[in-house]
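Heads up, work.cif below (mmCIF, C-alpha atoms):
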data_my_file
loop_
_atom_site.group_PDB
_atom_site.id
_atom_site.type_symbol
_atom_site.label_atom_id
_atom_site.label_comp_id
_atom_site.auth_asym_id
_atom_site.auth_seq_id
_atom_site.Cartn_x
_atom_site.Cartn_y
_atom_site.Cartn_z
ATOM 1 C CA MET A 8 55.787 194.873 68.091
ATOM 2 C CA PRO A 9 55.961 198.365 66.548
ATOM 3 C CA GLU A 10 52.740 200.318 66.989
ATOM 4 C CA LEU A 11 51.650 203.847 66.035
ATOM 5 C CA PRO A 12 54.356 205.635 68.087
ATOM 6 C CA GLU A 13 57.146 203.611 66.450
ATOM 7 C CA ALA A 14 55.632 204.291 63.027
ATOM 8 C CA GLU A 15 55.445 208.022 63.791
ATOM 9 C CA ALA A 16 59.057 208.058 65.010
ATOM 10 C CA ALA A 17 60.097 206.348 61.773
ATOM 11 C CA ARG A 18 58.083 208.821 59.700
ATOM 12 C CA LYS A 19 59.787 211.739 61.448
ATOM 13 C CA ARG A 20 63.246 210.262 60.816
ATOM 14 C CA ILE A 21 62.401 209.985 57.119
ATOM 15 C CA ALA A 22 60.942 213.503 56.993
ATOM 16 C CA ASP A 23 63.968 214.985 58.750
ATOM 17 C CA GLY A 24 66.642 213.245 56.713
ATOM 18 C CA ALA A 25 65.436 211.711 53.445
ATOM 19 C CA LEU A 26 63.262 214.284 51.654
ATOM 20 C CA ASN A 27 64.178 216.420 48.627
ATOM 21 C CA ARG A 28 67.152 214.240 47.716
ATOM 22 C CA THR A 29 67.482 212.561 44.328
ATOM 23 C CA ILE A 30 67.326 208.767 44.459
ATOM 24 C CA GLU A 31 70.471 207.342 42.903
ATOM 25 C CA ASP A 32 70.134 203.626 43.533
ATOM 26 C CA PHE A 33 68.726 200.848 45.711
ATOM 27 C CA ARG A 34 70.633 198.145 47.551
ATOM 28 C CA LEU A 35 69.175 194.873 48.795
ATOM 29 C CA GLY A 36 70.326 192.761 51.706
ATOM 30 C CA GLU A 37 69.215 189.183 52.314
ATOM 31 C CA VAL A 38 65.526 189.442 51.397
ATOM 32 C CA SER A 39 64.243 185.927 50.785
ATOM 33 C CA HIS A 40 60.503 185.625 51.403
ATOM 34 C CA MET A 41 60.116 189.388 51.925
ATOM 35 C CA ASP A 42 57.526 191.639 50.296
ATOM 36 C CA LEU A 43 59.584 194.441 48.724
ATOM 37 C CA PRO A 44 59.344 196.530 45.523
ATOM 38 C CA SER A 45 60.369 194.676 42.368
ATOM 39 C CA GLU A 46 63.422 195.663 40.346
ATOM 40 C CA SER A 47 61.256 197.425 37.757
ATOM 41 C CA GLU A 48 59.417 199.346 40.500
ATOM 42 C CA ARG A 49 62.729 200.406 42.022
ATOM 43 C CA GLN A 50 64.080 201.497 38.647
ATOM 44 C CA ARG A 51 61.070 203.773 38.125
ATOM 45 C CA LEU A 52 61.964 205.647 41.318
ATOM 46 C CA ILE A 53 65.612 206.296 40.399
ATOM 47 C CA GLY A 54 66.082 209.964 39.504
ATOM 48 C CA THR A 55 63.006 211.076 41.464
ATOM 49 C CA GLN A 56 62.755 212.610 44.931
ATOM 50 C CA PHE A 57 60.658 211.966 48.003
ATOM 51 C CA THR A 58 59.104 215.283 48.983
ATOM 52 C CA ARG A 59 56.588 214.379 51.693
ATOM 53 C CA THR A 60 55.640 211.768 54.265
ATOM 54 C CA HIS A 61 52.358 210.542 55.661
ATOM 55 C CA ARG A 62 51.317 208.075 58.346
ATOM 56 C CA HIS A 63 47.981 206.363 58.931
ATOM 57 C CA GLY A 64 47.854 204.069 61.931
ATOM 58 C CA LYS A 65 50.869 201.784 61.728
ATOM 59 C CA TYR A 66 51.412 202.449 58.007
ATOM 60 C CA ILE A 67 54.133 204.869 56.832
ATOM 61 C CA PHE A 68 54.198 206.496 53.403
ATOM 62 C CA VAL A 69 56.975 208.435 51.688
ATOM 63 C CA GLY A 70 56.551 209.906 48.225
ATOM 64 C CA SER A 71 55.500 213.055 46.411
ATOM 65 C CA LYS A 72 52.297 214.998 45.798
ATOM 66 C CA SER A 73 51.724 213.334 42.426
ATOM 67 C CA GLY A 74 53.022 209.923 43.536
ATOM 68 C CA PRO A 75 54.165 207.266 43.477
ATOM 69 C CA TRP A 76 54.689 206.412 47.142
ATOM 70 C CA LEU A 77 56.519 203.761 49.085
ATOM 71 C CA HIS A 78 54.354 202.221 51.764
ATOM 72 C CA ILE A 79 56.351 200.896 54.725
ATOM 73 C CA HIS A 80 54.992 198.548 57.373
ATOM 74 C CA LEU A 81 57.423 197.758 60.186
ATOM 75 C CA GLY A 82 55.984 194.315 60.929
ATOM 76 C CA MET A 83 57.196 192.661 64.132
ATOM 77 C CA SER A 84 60.681 194.156 64.393
ATOM 78 C CA GLY A 85 61.260 196.614 61.572
ATOM 79 C CA SER A 86 62.800 200.081 61.861
ATOM 80 C CA VAL A 87 64.280 202.750 59.600
ATOM 81 C CA ARG A 88 67.568 204.615 59.756
ATOM 82 C CA VAL A 89 68.842 207.624 57.787
ATOM 83 C CA LEU A 90 72.640 207.529 57.683
ATOM 84 C CA GLU A 91 75.453 209.292 55.883
ATOM 85 C CA GLU A 92 77.723 207.400 53.513
ATOM 86 C CA GLY A 93 80.453 205.584 55.446
ATOM 87 C CA ALA A 94 78.437 205.214 58.650
ATOM 88 C CA ASP A 95 78.326 201.757 60.174
ATOM 89 C CA LEU A 96 75.150 200.032 59.059
ATOM 90 C CA PRO A 97 73.190 198.002 61.600
ATOM 91 C CA ASP A 98 72.682 194.293 61.041
ATOM 92 C CA TYR A 99 69.673 193.003 59.104
ATOM 93 C CA VAL A 100 69.292 195.908 56.676
ATOM 94 C CA ARG A 101 66.979 194.526 53.976
ATOM 95 C CA LEU A 102 66.555 197.538 51.675
ATOM 96 C CA SER A 103 68.527 200.751 51.288
ATOM 97 C CA VAL A 104 67.475 203.785 49.254
ATOM 98 C CA LEU A 105 70.663 205.603 48.229
ATOM 99 C CA PHE A 106 70.588 209.325 47.476
ATOM 100 C CA GLU A 107 72.952 211.561 45.557
ATOM 101 C CA GLY A 108 75.491 212.976 47.980
ATOM 102 C CA GLY A 109 75.881 209.712 49.865
ATOM 103 C CA ARG A 110 73.002 209.680 52.350
ATOM 104 C CA GLY A 111 70.879 206.541 52.599
ATOM 105 C CA LEU A 112 67.496 205.486 53.965
ATOM 106 C CA HIS A 113 67.819 201.979 55.403
ATOM 107 C CA PHE A 114 65.062 199.538 56.329
ATOM 108 C CA ARG A 115 66.182 197.116 59.047
ATOM 109 C CA ASP A 116 64.098 194.035 59.854
ATOM 110 C CA PRO A 117 65.641 191.111 61.771
ATOM 111 C CA ARG A 118 62.546 188.896 61.571
ATOM 112 C CA LYS A 119 61.561 189.822 58.014
ATOM 113 C CA PHE A 120 57.866 190.331 58.775
ATOM 114 C CA GLY A 121 57.897 193.935 57.566
ATOM 115 C CA ARG A 122 57.059 194.977 54.037
ATOM 116 C CA ILE A 123 57.581 197.802 51.585
ATOM 117 C CA ALA A 124 55.432 198.302 48.506
ATOM 118 C CA ARG A 125 55.152 200.884 45.744
ATOM 119 C CA VAL A 126 51.676 202.429 45.702
ATOM 120 C CA GLU A 127 50.237 205.154 43.510
ATOM 121 C CA ASP A 128 48.238 206.973 46.180
ATOM 122 C CA ALA A 129 48.443 206.734 49.976
ATOM 123 C CA GLU A 130 44.793 207.614 50.623
ATOM 124 C CA ASP A 131 43.595 205.055 48.090
ATOM 125 C CA PHE A 132 45.764 202.444 49.806
ATOM 126 C CA VAL A 133 44.203 203.255 53.195
ATOM 127 C CA ALA A 134 40.707 202.981 51.726
ATOM 128 C CA GLU A 135 41.453 199.700 49.963
ATOM 129 C CA LYS A 136 42.812 198.222 53.205
ATOM 130 C CA GLY A 137 39.598 199.220 54.959
ATOM 131 C CA LEU A 138 41.468 200.960 57.773
ATOM 132 C CA GLY A 139 39.547 202.934 60.355
ATOM 133 C CA PRO A 140 40.388 206.524 61.326
ATOM 134 C CA ASP A 141 43.878 207.185 62.642
ATOM 135 C CA ALA A 142 43.935 206.824 66.427
ATOM 136 C CA LEU A 143 45.593 210.229 66.909
ATOM 137 C CA ARG A 144 43.128 212.067 64.692
ATOM 138 C CA ILE A 145 39.753 210.439 65.377
ATOM 139 C CA GLY A 146 37.147 212.721 66.948
ATOM 140 C CA ASP A 147 34.950 212.041 69.970
ATOM 141 C CA ASN A 148 31.825 211.132 68.020
ATOM 142 C CA ALA A 149 33.658 208.898 65.559
ATOM 143 C CA PHE A 150 35.413 207.071 68.426
ATOM 144 C CA ALA A 151 32.115 206.548 70.240
ATOM 145 C CA GLU A 152 30.568 205.239 67.035
ATOM 146 C CA ALA A 153 33.437 202.897 66.207
ATOM 147 C CA ILE A 154 34.188 201.550 69.685
ATOM 148 C CA GLY A 155 31.102 202.250 71.784
ATOM 149 C CA ARG A 156 28.702 200.304 69.567
ATOM 150 C CA THR A 157 30.827 197.132 69.543
ATOM 151 C CA LYS A 158 29.125 194.155 71.176
ATOM 152 C CA GLY A 159 32.407 192.315 71.767
ATOM 153 C CA ALA A 160 35.196 192.930 74.275
ATOM 154 C CA VAL A 161 36.427 196.509 74.424
ATOM 155 C CA LYS A 162 40.042 195.276 74.186
ATOM 156 C CA SER A 163 39.279 193.564 70.876
ATOM 157 C CA ALA A 164 37.510 196.675 69.589
ATOM 158 C CA LEU A 165 40.548 198.839 70.326
ATOM 159 C CA LEU A 166 42.782 196.397 68.449
ATOM 160 C CA SER A 167 40.581 196.243 65.341
ATOM 161 C CA GLN A 168 42.438 198.245 62.692
ATOM 162 C CA LYS A 169 39.194 198.547 60.739
ATOM 163 C CA LYS A 170 37.670 200.464 63.644
ATOM 164 C CA LEU A 171 40.695 202.405 64.852
ATOM 165 C CA ALA A 172 44.038 202.416 63.040
ATOM 166 C CA GLY A 173 47.241 202.359 65.059
ATOM 167 C CA VAL A 174 46.448 200.942 68.501
ATOM 168 C CA GLY A 175 48.208 197.683 69.353
ATOM 169 C CA ASN A 176 48.316 195.402 72.350
ATOM 170 C CA LEU A 177 50.544 197.553 74.583
ATOM 171 C CA TRP A 178 48.615 200.787 74.340
ATOM 172 C CA ALA A 179 45.166 199.184 74.384
ATOM 173 C CA ASP A 180 46.109 197.626 77.739
ATOM 174 C CA GLU A 181 47.568 200.942 78.911
ATOM 175 C CA ALA A 182 44.392 202.889 78.082
ATOM 176 C CA LEU A 183 42.151 200.350 79.820
ATOM 177 C CA PHE A 184 44.486 200.321 82.820
ATOM 178 C CA ARG A 185 44.368 204.109 83.060
ATOM 179 C CA THR A 186 40.572 204.273 82.795
ATOM 180 C CA GLY A 187 39.892 201.322 85.116
ATOM 181 C CA ILE A 188 38.082 199.192 82.538
ATOM 182 C CA ASP A 189 38.334 195.402 82.466
ATOM 183 C CA PRO A 190 39.538 194.361 78.976
ATOM 184 C CA GLU A 191 36.738 191.770 78.655
ATOM 185 C CA THR A 192 33.983 194.336 79.198
ATOM 186 C CA ARG A 193 31.602 194.569 76.259
ATOM 187 C CA ALA A 194 32.250 197.946 74.684
ATOM 188 C CA CYS A 195 28.539 198.600 74.154
ATOM 189 C CA ASP A 196 27.961 198.233 77.921
ATOM 190 C CA LEU A 197 30.220 201.186 78.721
ATOM 191 C CA SER A 198 28.553 204.499 79.487
ATOM 192 C CA ALA A 199 29.071 207.472 77.194
ATOM 193 C CA GLU A 200 31.205 209.043 79.932
ATOM 194 C CA ARG A 201 33.524 206.019 80.155
ATOM 195 C CA ILE A 202 33.833 205.834 76.363
ATOM 196 C CA GLY A 203 34.782 209.510 76.360
ATOM 197 C CA LYS A 204 37.426 208.942 79.035
ATOM 198 C CA LEU A 205 38.759 205.950 77.119
ATOM 199 C CA HIS A 206 39.102 208.043 73.972
ATOM 200 C CA GLY A 207 40.969 210.717 75.914
ATOM 201 C CA ALA A 208 43.267 208.110 77.460
ATOM 202 C CA VAL A 209 44.093 206.540 74.082
ATOM 203 C CA GLN A 210 45.053 209.894 72.610
ATOM 204 C CA ASP A 211 46.948 211.130 75.684
ATOM 205 C CA ILE A 212 48.943 207.898 75.888
ATOM 206 C CA LEU A 213 49.825 207.816 72.192
ATOM 207 C CA LYS A 214 50.842 211.490 72.221
ATOM 208 C CA ALA A 215 53.052 210.933 75.264
ATOM 209 C CA VAL A 216 54.794 207.943 73.672
ATOM 210 C CA VAL A 217 55.224 209.812 70.379
ATOM 211 C CA GLU A 218 56.868 212.697 72.263
ATOM 212 C CA THR A 219 59.538 210.268 73.538
ATOM 213 C CA ASP A 220 60.120 208.900 69.996
ATOM 214 C CA ALA A 221 58.790 205.605 71.372
ATOM 215 C CA THR A 222 61.505 205.373 74.045
ATOM 216 C CA TYR A 223 59.627 203.477 76.737
ATOM 217 C CA SER A 224 62.196 204.138 79.455
ATOM 218 C CA LYS A 225 61.180 207.809 79.369
ATOM 219 C CA LEU A 226 57.558 207.057 80.285
ATOM 220 C CA PRO A 227 56.279 207.581 83.851
ATOM 221 C CA GLY A 228 56.904 204.808 86.368
ATOM 222 C CA ASP A 229 53.228 204.331 87.201
ATOM 223 C CA TRP A 230 52.392 203.200 83.659
ATOM 224 C CA LEU A 231 51.447 199.571 83.073
ATOM 225 C CA ILE A 232 54.212 199.243 80.444
ATOM 226 C CA HIS A 233 56.772 199.048 83.269
ATOM 227 C CA ASN A 234 54.748 196.477 85.219
ATOM 228 C CA ARG A 235 53.524 193.995 82.575
ATOM 229 C CA GLU A 236 54.077 190.855 84.626
ATOM 230 C CA ALA A 237 51.529 188.677 86.401
ATOM 231 C CA GLY A 238 51.856 188.970 90.168
ATOM 232 C CA ARG A 239 53.414 192.449 90.173
ATOM 233 C CA ASP A 240 51.983 195.095 92.482
ATOM 234 C CA CYS A 241 49.740 197.555 90.678
ATOM 235 C CA PRO A 242 51.494 200.965 90.595
ATOM 236 C CA ARG A 243 48.149 202.780 90.838
ATOM 237 C CA CYS A 244 46.347 200.979 93.673
ATOM 238 C CA SER A 245 46.776 198.141 96.167
ATOM 239 C CA GLY A 246 45.874 195.520 93.575
ATOM 240 C CA THR A 247 47.852 192.901 91.682
ATOM 241 C CA ILE A 248 48.636 192.693 87.968
ATOM 242 C CA ALA A 249 47.209 189.622 86.240
ATOM 243 C CA LYS A 250 47.093 188.396 82.672
ATOM 244 C CA LYS A 251 44.415 186.707 80.621
ATOM 245 C CA THR A 252 43.606 186.101 76.988
ATOM 246 C CA VAL A 253 41.034 188.363 75.365
ATOM 247 C CA GLY A 254 40.195 187.807 71.720
ATOM 248 C CA GLY A 255 43.291 185.679 71.289
ATOM 249 C CA ARG A 256 45.624 188.348 72.675
ATOM 250 C CA THR A 257 47.396 188.380 76.033
ATOM 251 C CA SER A 258 46.039 191.186 78.207
ATOM 252 C CA TYR A 259 47.579 192.567 81.394
ATOM 253 C CA HIS A 260 45.287 194.293 83.862
ATOM 254 C CA CYS A 261 44.799 195.105 87.546
ATOM 255 C CA LEU A 262 42.515 192.772 89.470
ATOM 256 C CA THR A 263 41.377 195.590 91.751
ATOM 257 C CA HIS A 264 40.830 198.871 89.971
ATOM 258 C CA GLN A 265 39.846 197.620 86.491
ATOM 259 C CA GLU A 266 36.166 196.822 86.593
ATOM 260 C CA ALA A 267 33.476 195.708 84.187
ATOM 261 C CA ALA A 268 30.822 198.223 83.083
#

Written as structure tokens, that's how I'd like the structure from this file.
Amino acid sequence: MPELPEAEAARKRIADGALNRTIEDFRLGEVSHMDLPSESERQRLIGTQFTRTHRHGKYIFVGSKSGPWLHIHLGMSGSVRVLEEGADLPDYVRLSVLFEGGRGLHFRDPRKFGRIARVEDAEDFVAEKGLGPDALRIGDNAFAEAIGRTKGAVKSALLSQKKLAGVGNLWADEALFRTGIDPETRACDLSAERIGKLHGAVQDILKAVVETDATYSKLPGDWLIHNREAGRDCPRCSGTIAKKTVGGRTSYHCLTHQEAA
């Protein structure tokens, strides 16, 4: 499932190829049961330009200083492409924004769980959704407040978008693996030092994945992402990788070096 790094890679593709171009038209693919801008909302954007992008957690925004904006959520399998006219389009393109000069911004979503909506203001949208601080921008004290005071499992705290926006299952497991914390540990039982190390791990991991444009094959071989299978040897110690369910989500962890508080 796309997480913050995939959303940031998509935002960069939009920023690099789809800004400051006049919108000429929209084209829809097969979009039954999808949440997309209405015809009247699309018509209001024709003749305008996107001039800036923004991302908060897993949410992508493209618009202008005075608005409106398109909010894009990639869902389970969504992605964006910016292509020149005549280029071969990938399968499952659900919405295309066509610009003067022939370039197009294309939203691809095989499973149709993604969504695009017209919003007046990106910051108001974030506030209305009740999203926590962005995981790449949250400070030490705010992280300790949001995660360290949680009485439930630390894995569940990391996944709560109202506490910390952008961390999903893969990178929550990766951060706990790196810091040697069992995913079922109550977050409030962790020392201030371990919470600080967890915050550093979350940010270091997300930055590293963002730098690869979310290309997992470029990540180091001793990361959990390459060993997410029960029974595999742990790449960091002599332990074994196991899986269990924490807060309704499958969690992979090392039986040896990941310990409770």

Quick one: residues within 8 Å of Ile154 in chain A, only C-alpha atoms, excluding same-chain residues fewer than 5 positions away - as a list in words?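 These residues fall inside the cut-off: Val161, Ala164, Leu165, Lys170, Ala194, Cys195 and Ile202 of chain A.
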
Need the neighbours of (54.8, 209.4, 55.1): which residues are at most 9 Å away, counting only C-alpha atoms, as a list in words? Glu15, Arg18, Lys19, Ile21, Ala22, Arg59, Thr60, His61, Arg62, His63, Tyr66, Ile67, Phe68, Val69, Gly70, Trp76, Leu77, His78, Ile79 and Ala129 of chain A

Output file for the residues above (C-alpha atoms, as an mmCIF file, in the frame of the given file):
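See part03.cif below for the written result:
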data_model
loop_
_atom_site.group_PDB
_atom_site.id
_atom_site.type_symbol
_atom_site.label_atom_id
_atom_site.label_comp_id
_atom_site.auth_asym_id
_atom_site.auth_seq_id
_atom_site.Cartn_x
_atom_site.Cartn_y
_atom_site.Cartn_z
ATOM 1 C CA GLU A 15 55.445 208.022 63.791
ATOM 2 C CA ARG A 18 58.083 208.821 59.700
ATOM 3 C CA LYS A 19 59.787 211.739 61.448
ATOM 4 C CA ILE A 21 62.401 209.985 57.119
ATOM 5 C CA ALA A 22 60.942 213.503 56.993
ATOM 6 C CA ARG A 59 56.588 214.379 51.693
ATOM 7 C CA THR A 60 55.640 211.768 54.265
ATOM 8 C CA HIS A 61 52.358 210.542 55.661
ATOM 9 C CA ARG A 62 51.317 208.075 58.346
ATOM 10 C CA HIS A 63 47.981 206.363 58.931
ATOM 11 C CA TYR A 66 51.412 202.449 58.007
ATOM 12 C CA ILE A 67 54.133 204.869 56.832
ATOM 13 C CA PHE A 68 54.198 206.496 53.403
ATOM 14 C CA VAL A 69 56.975 208.435 51.688
ATOM 15 C CA GLY A 70 56.551 209.906 48.225
ATOM 16 C CA TRP A 76 54.689 206.412 47.142
ATOM 17 C CA LEU A 77 56.519 203.761 49.085
ATOM 18 C CA HIS A 78 54.354 202.221 51.764
ATOM 19 C CA ILE A 79 56.351 200.896 54.725
ATOM 20 C CA ALA A 129 48.443 206.734 49.976
#

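Residues matched by the PyMOL selection byres ((chain A and resi 95-104) around 7) in this file are A:Ile30, A:Asp32, A:Phe33, A:Arg34, A:Leu35, A:Gly36, A:Glu37, A:Val38, A:Gly93, A:Ala94, A:Leu105, A:Phe106, A:Gly111, A:Leu112, A:His113, A:Phe114, A:Arg115, A:Asp116, A:Pro117.
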
Measuring atom to atom with all atoms listed in the file, identify which of A:Asp42, A:Glu218, A:Glu200, A:Glu31 is nearest to Gly155 in chain A.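 Distance minimum relative to Gly155 in chain A lands on A:Glu200.
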
Using all atoms listed in the file for the distances, tell me which of A:Leu213, A:Ala208, A:Met8, A:Cys241 is nearest to Leu183 in chain A.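 The closest residue to Leu183 in chain A is A:Ala208.
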
Find the spatial neighbours of Glu48 in chain A, counting all atoms listed in the file, within a cut-off of 10 Å - ignore same-chain residues fewer than 5 positions away - and output them as an NGL selection string. :A and (43 or 53 or 75 or 124-126)

Rounded to one decimal in Å, what is the spacing between CA of Leu138 in chain A and CA of Leu171 in chain A?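 Taking CA of Leu138 in chain A as the start and CA of Leu171 in chain A as the end point, the length is 7.3 Å.
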
Go through A:Gly159, A:Ala215, A:Asp196, A:Ile123 and flag the residue nearest Arg49 in chain A, using all atoms listed in the file for the distances.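 Once distances to Arg49 in chain A are computed over all atoms listed in the file, the minimum belongs to A:Ile123.
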
Can you sort out range 164-173 of chain A so it carries all heavy atoms, written as a PDB file, in the frame of the given file?
ATOM      1  N   ALA A 164      37.931 195.527  70.398  1.00  0.00           N
ATOM      2  CA  ALA A 164      37.510 196.675  69.589  1.00  0.00           C
ATOM      3  C   ALA A 164      38.661 197.644  69.377  1.00  0.00           C
ATOM      4  O   ALA A 164      38.880 198.153  68.275  1.00  0.00           O
ATOM      5  CB  ALA A 164      36.329 197.368  70.249  1.00  0.00           C
ATOM      6  N   LEU A 165      39.419 197.919  70.434  1.00  0.00           N
ATOM      7  CA  LEU A 165      40.548 198.839  70.326  1.00  0.00           C
ATOM      8  C   LEU A 165      41.618 198.308  69.370  1.00  0.00           C
ATOM      9  O   LEU A 165      42.322 199.091  68.718  1.00  0.00           O
ATOM     10  CB  LEU A 165      41.165 199.086  71.703  1.00  0.00           C
ATOM     11  CG  LEU A 165      40.333 199.894  72.691  1.00  0.00           C
ATOM     12  CD1 LEU A 165      41.011 199.892  74.061  1.00  0.00           C
ATOM     13  CD2 LEU A 165      40.118 201.326  72.209  1.00  0.00           C
ATOM     14  N   LEU A 166      41.750 196.989  69.300  1.00  0.00           N
ATOM     15  CA  LEU A 166      42.782 196.397  68.449  1.00  0.00           C
ATOM     16  C   LEU A 166      42.352 196.252  66.995  1.00  0.00           C
ATOM     17  O   LEU A 166      43.198 195.985  66.134  1.00  0.00           O
ATOM     18  CB  LEU A 166      43.169 195.010  68.991  1.00  0.00           C
ATOM     19  CG  LEU A 166      43.886 194.975  70.339  1.00  0.00           C
ATOM     20  CD1 LEU A 166      44.232 193.535  70.713  1.00  0.00           C
ATOM     21  CD2 LEU A 166      45.137 195.815  70.319  1.00  0.00           C
ATOM     22  N   SER A 167      41.058 196.401  66.712  1.00  0.00           N
ATOM     23  CA  SER A 167      40.581 196.243  65.341  1.00  0.00           C
ATOM     24  C   SER A 167      41.038 197.428  64.500  1.00  0.00           C
ATOM     25  O   SER A 167      40.580 198.559  64.692  1.00  0.00           O
ATOM     26  CB  SER A 167      39.056 196.147  65.325  1.00  0.00           C
ATOM     27  OG  SER A 167      38.579 196.187  63.983  1.00  0.00           O
ATOM     28  N   GLN A 168      41.920 197.169  63.540  1.00  0.00           N
ATOM     29  CA  GLN A 168      42.438 198.245  62.692  1.00  0.00           C
ATOM     30  C   GLN A 168      41.380 198.800  61.750  1.00  0.00           C
ATOM     31  O   GLN A 168      41.540 199.885  61.203  1.00  0.00           O
ATOM     32  CB  GLN A 168      43.658 197.755  61.909  1.00  0.00           C
ATOM     33  CG  GLN A 168      44.802 197.289  62.791  1.00  0.00           C
ATOM     34  CD  GLN A 168      45.287 198.371  63.750  1.00  0.00           C
ATOM     35  OE1 GLN A 168      45.771 199.414  63.319  1.00  0.00           O
ATOM     36  NE2 GLN A 168      45.157 198.130  65.054  1.00  0.00           N
ATOM     37  N   LYS A 169      40.287 198.052  61.571  1.00  0.00           N
ATOM     38  CA  LYS A 169      39.194 198.547  60.739  1.00  0.00           C
ATOM     39  C   LYS A 169      38.304 199.522  61.502  1.00  0.00           C
ATOM     40  O   LYS A 169      37.542 200.283  60.902  1.00  0.00           O
ATOM     41  CB  LYS A 169      38.366 197.372  60.194  1.00  0.00           C
ATOM     42  CG  LYS A 169      39.156 196.478  59.249  1.00  0.00           C
ATOM     43  CD  LYS A 169      38.292 195.412  58.622  1.00  0.00           C
ATOM     44  CE  LYS A 169      39.108 194.528  57.683  1.00  0.00           C
ATOM     45  NZ  LYS A 169      39.686 195.280  56.561  1.00  0.00           N
ATOM     46  N   LYS A 170      38.405 199.510  62.820  1.00  0.00           N
ATOM     47  CA  LYS A 170      37.670 200.464  63.644  1.00  0.00           C
ATOM     48  C   LYS A 170      38.534 201.665  64.007  1.00  0.00           C
ATOM     49  O   LYS A 170      38.071 202.805  64.012  1.00  0.00           O
ATOM     50  CB  LYS A 170      37.186 199.789  64.933  1.00  0.00           C
ATOM     51  CG  LYS A 170      36.150 198.692  64.742  1.00  0.00           C
ATOM     52  CD  LYS A 170      35.739 198.099  66.068  1.00  0.00           C
ATOM     53  CE  LYS A 170      34.747 196.974  65.905  1.00  0.00           C
ATOM     54  NZ  LYS A 170      33.457 197.447  65.351  1.00  0.00           N
ATOM     55  N   LEU A 171      39.796 201.378  64.327  1.00  0.00           N
ATOM     56  CA  LEU A 171      40.695 202.405  64.852  1.00  0.00           C
ATOM     57  C   LEU A 171      42.117 202.025  64.450  1.00  0.00           C
ATOM     58  O   LEU A 171      42.641 201.015  64.914  1.00  0.00           O
ATOM     59  CB  LEU A 171      40.565 202.459  66.374  1.00  0.00           C
ATOM     60  CG  LEU A 171      41.342 203.528  67.128  1.00  0.00           C
ATOM     61  CD1 LEU A 171      40.801 204.909  66.783  1.00  0.00           C
ATOM     62  CD2 LEU A 171      41.230 203.288  68.630  1.00  0.00           C
ATOM     63  N   ALA A 172      42.734 202.793  63.590  1.00  0.00           N
ATOM     64  CA  ALA A 172      44.038 202.416  63.040  1.00  0.00           C
ATOM     65  C   ALA A 172      45.173 202.911  63.927  1.00  0.00           C
ATOM     66  O   ALA A 172      45.267 204.111  64.211  1.00  0.00           O
ATOM     67  CB  ALA A 172      44.199 202.981  61.628  1.00  0.00           C
ATOM     68  N   GLY A 173      46.013 201.976  64.375  1.00  0.00           N
ATOM     69  CA  GLY A 173      47.241 202.359  65.059  1.00  0.00           C
ATOM     70  C   GLY A 173      47.419 201.831  66.461  1.00  0.00           C
ATOM     71  O   GLY A 173      48.531 201.812  66.979  1.00  0.00           O
TER      72      GLY A 173
END
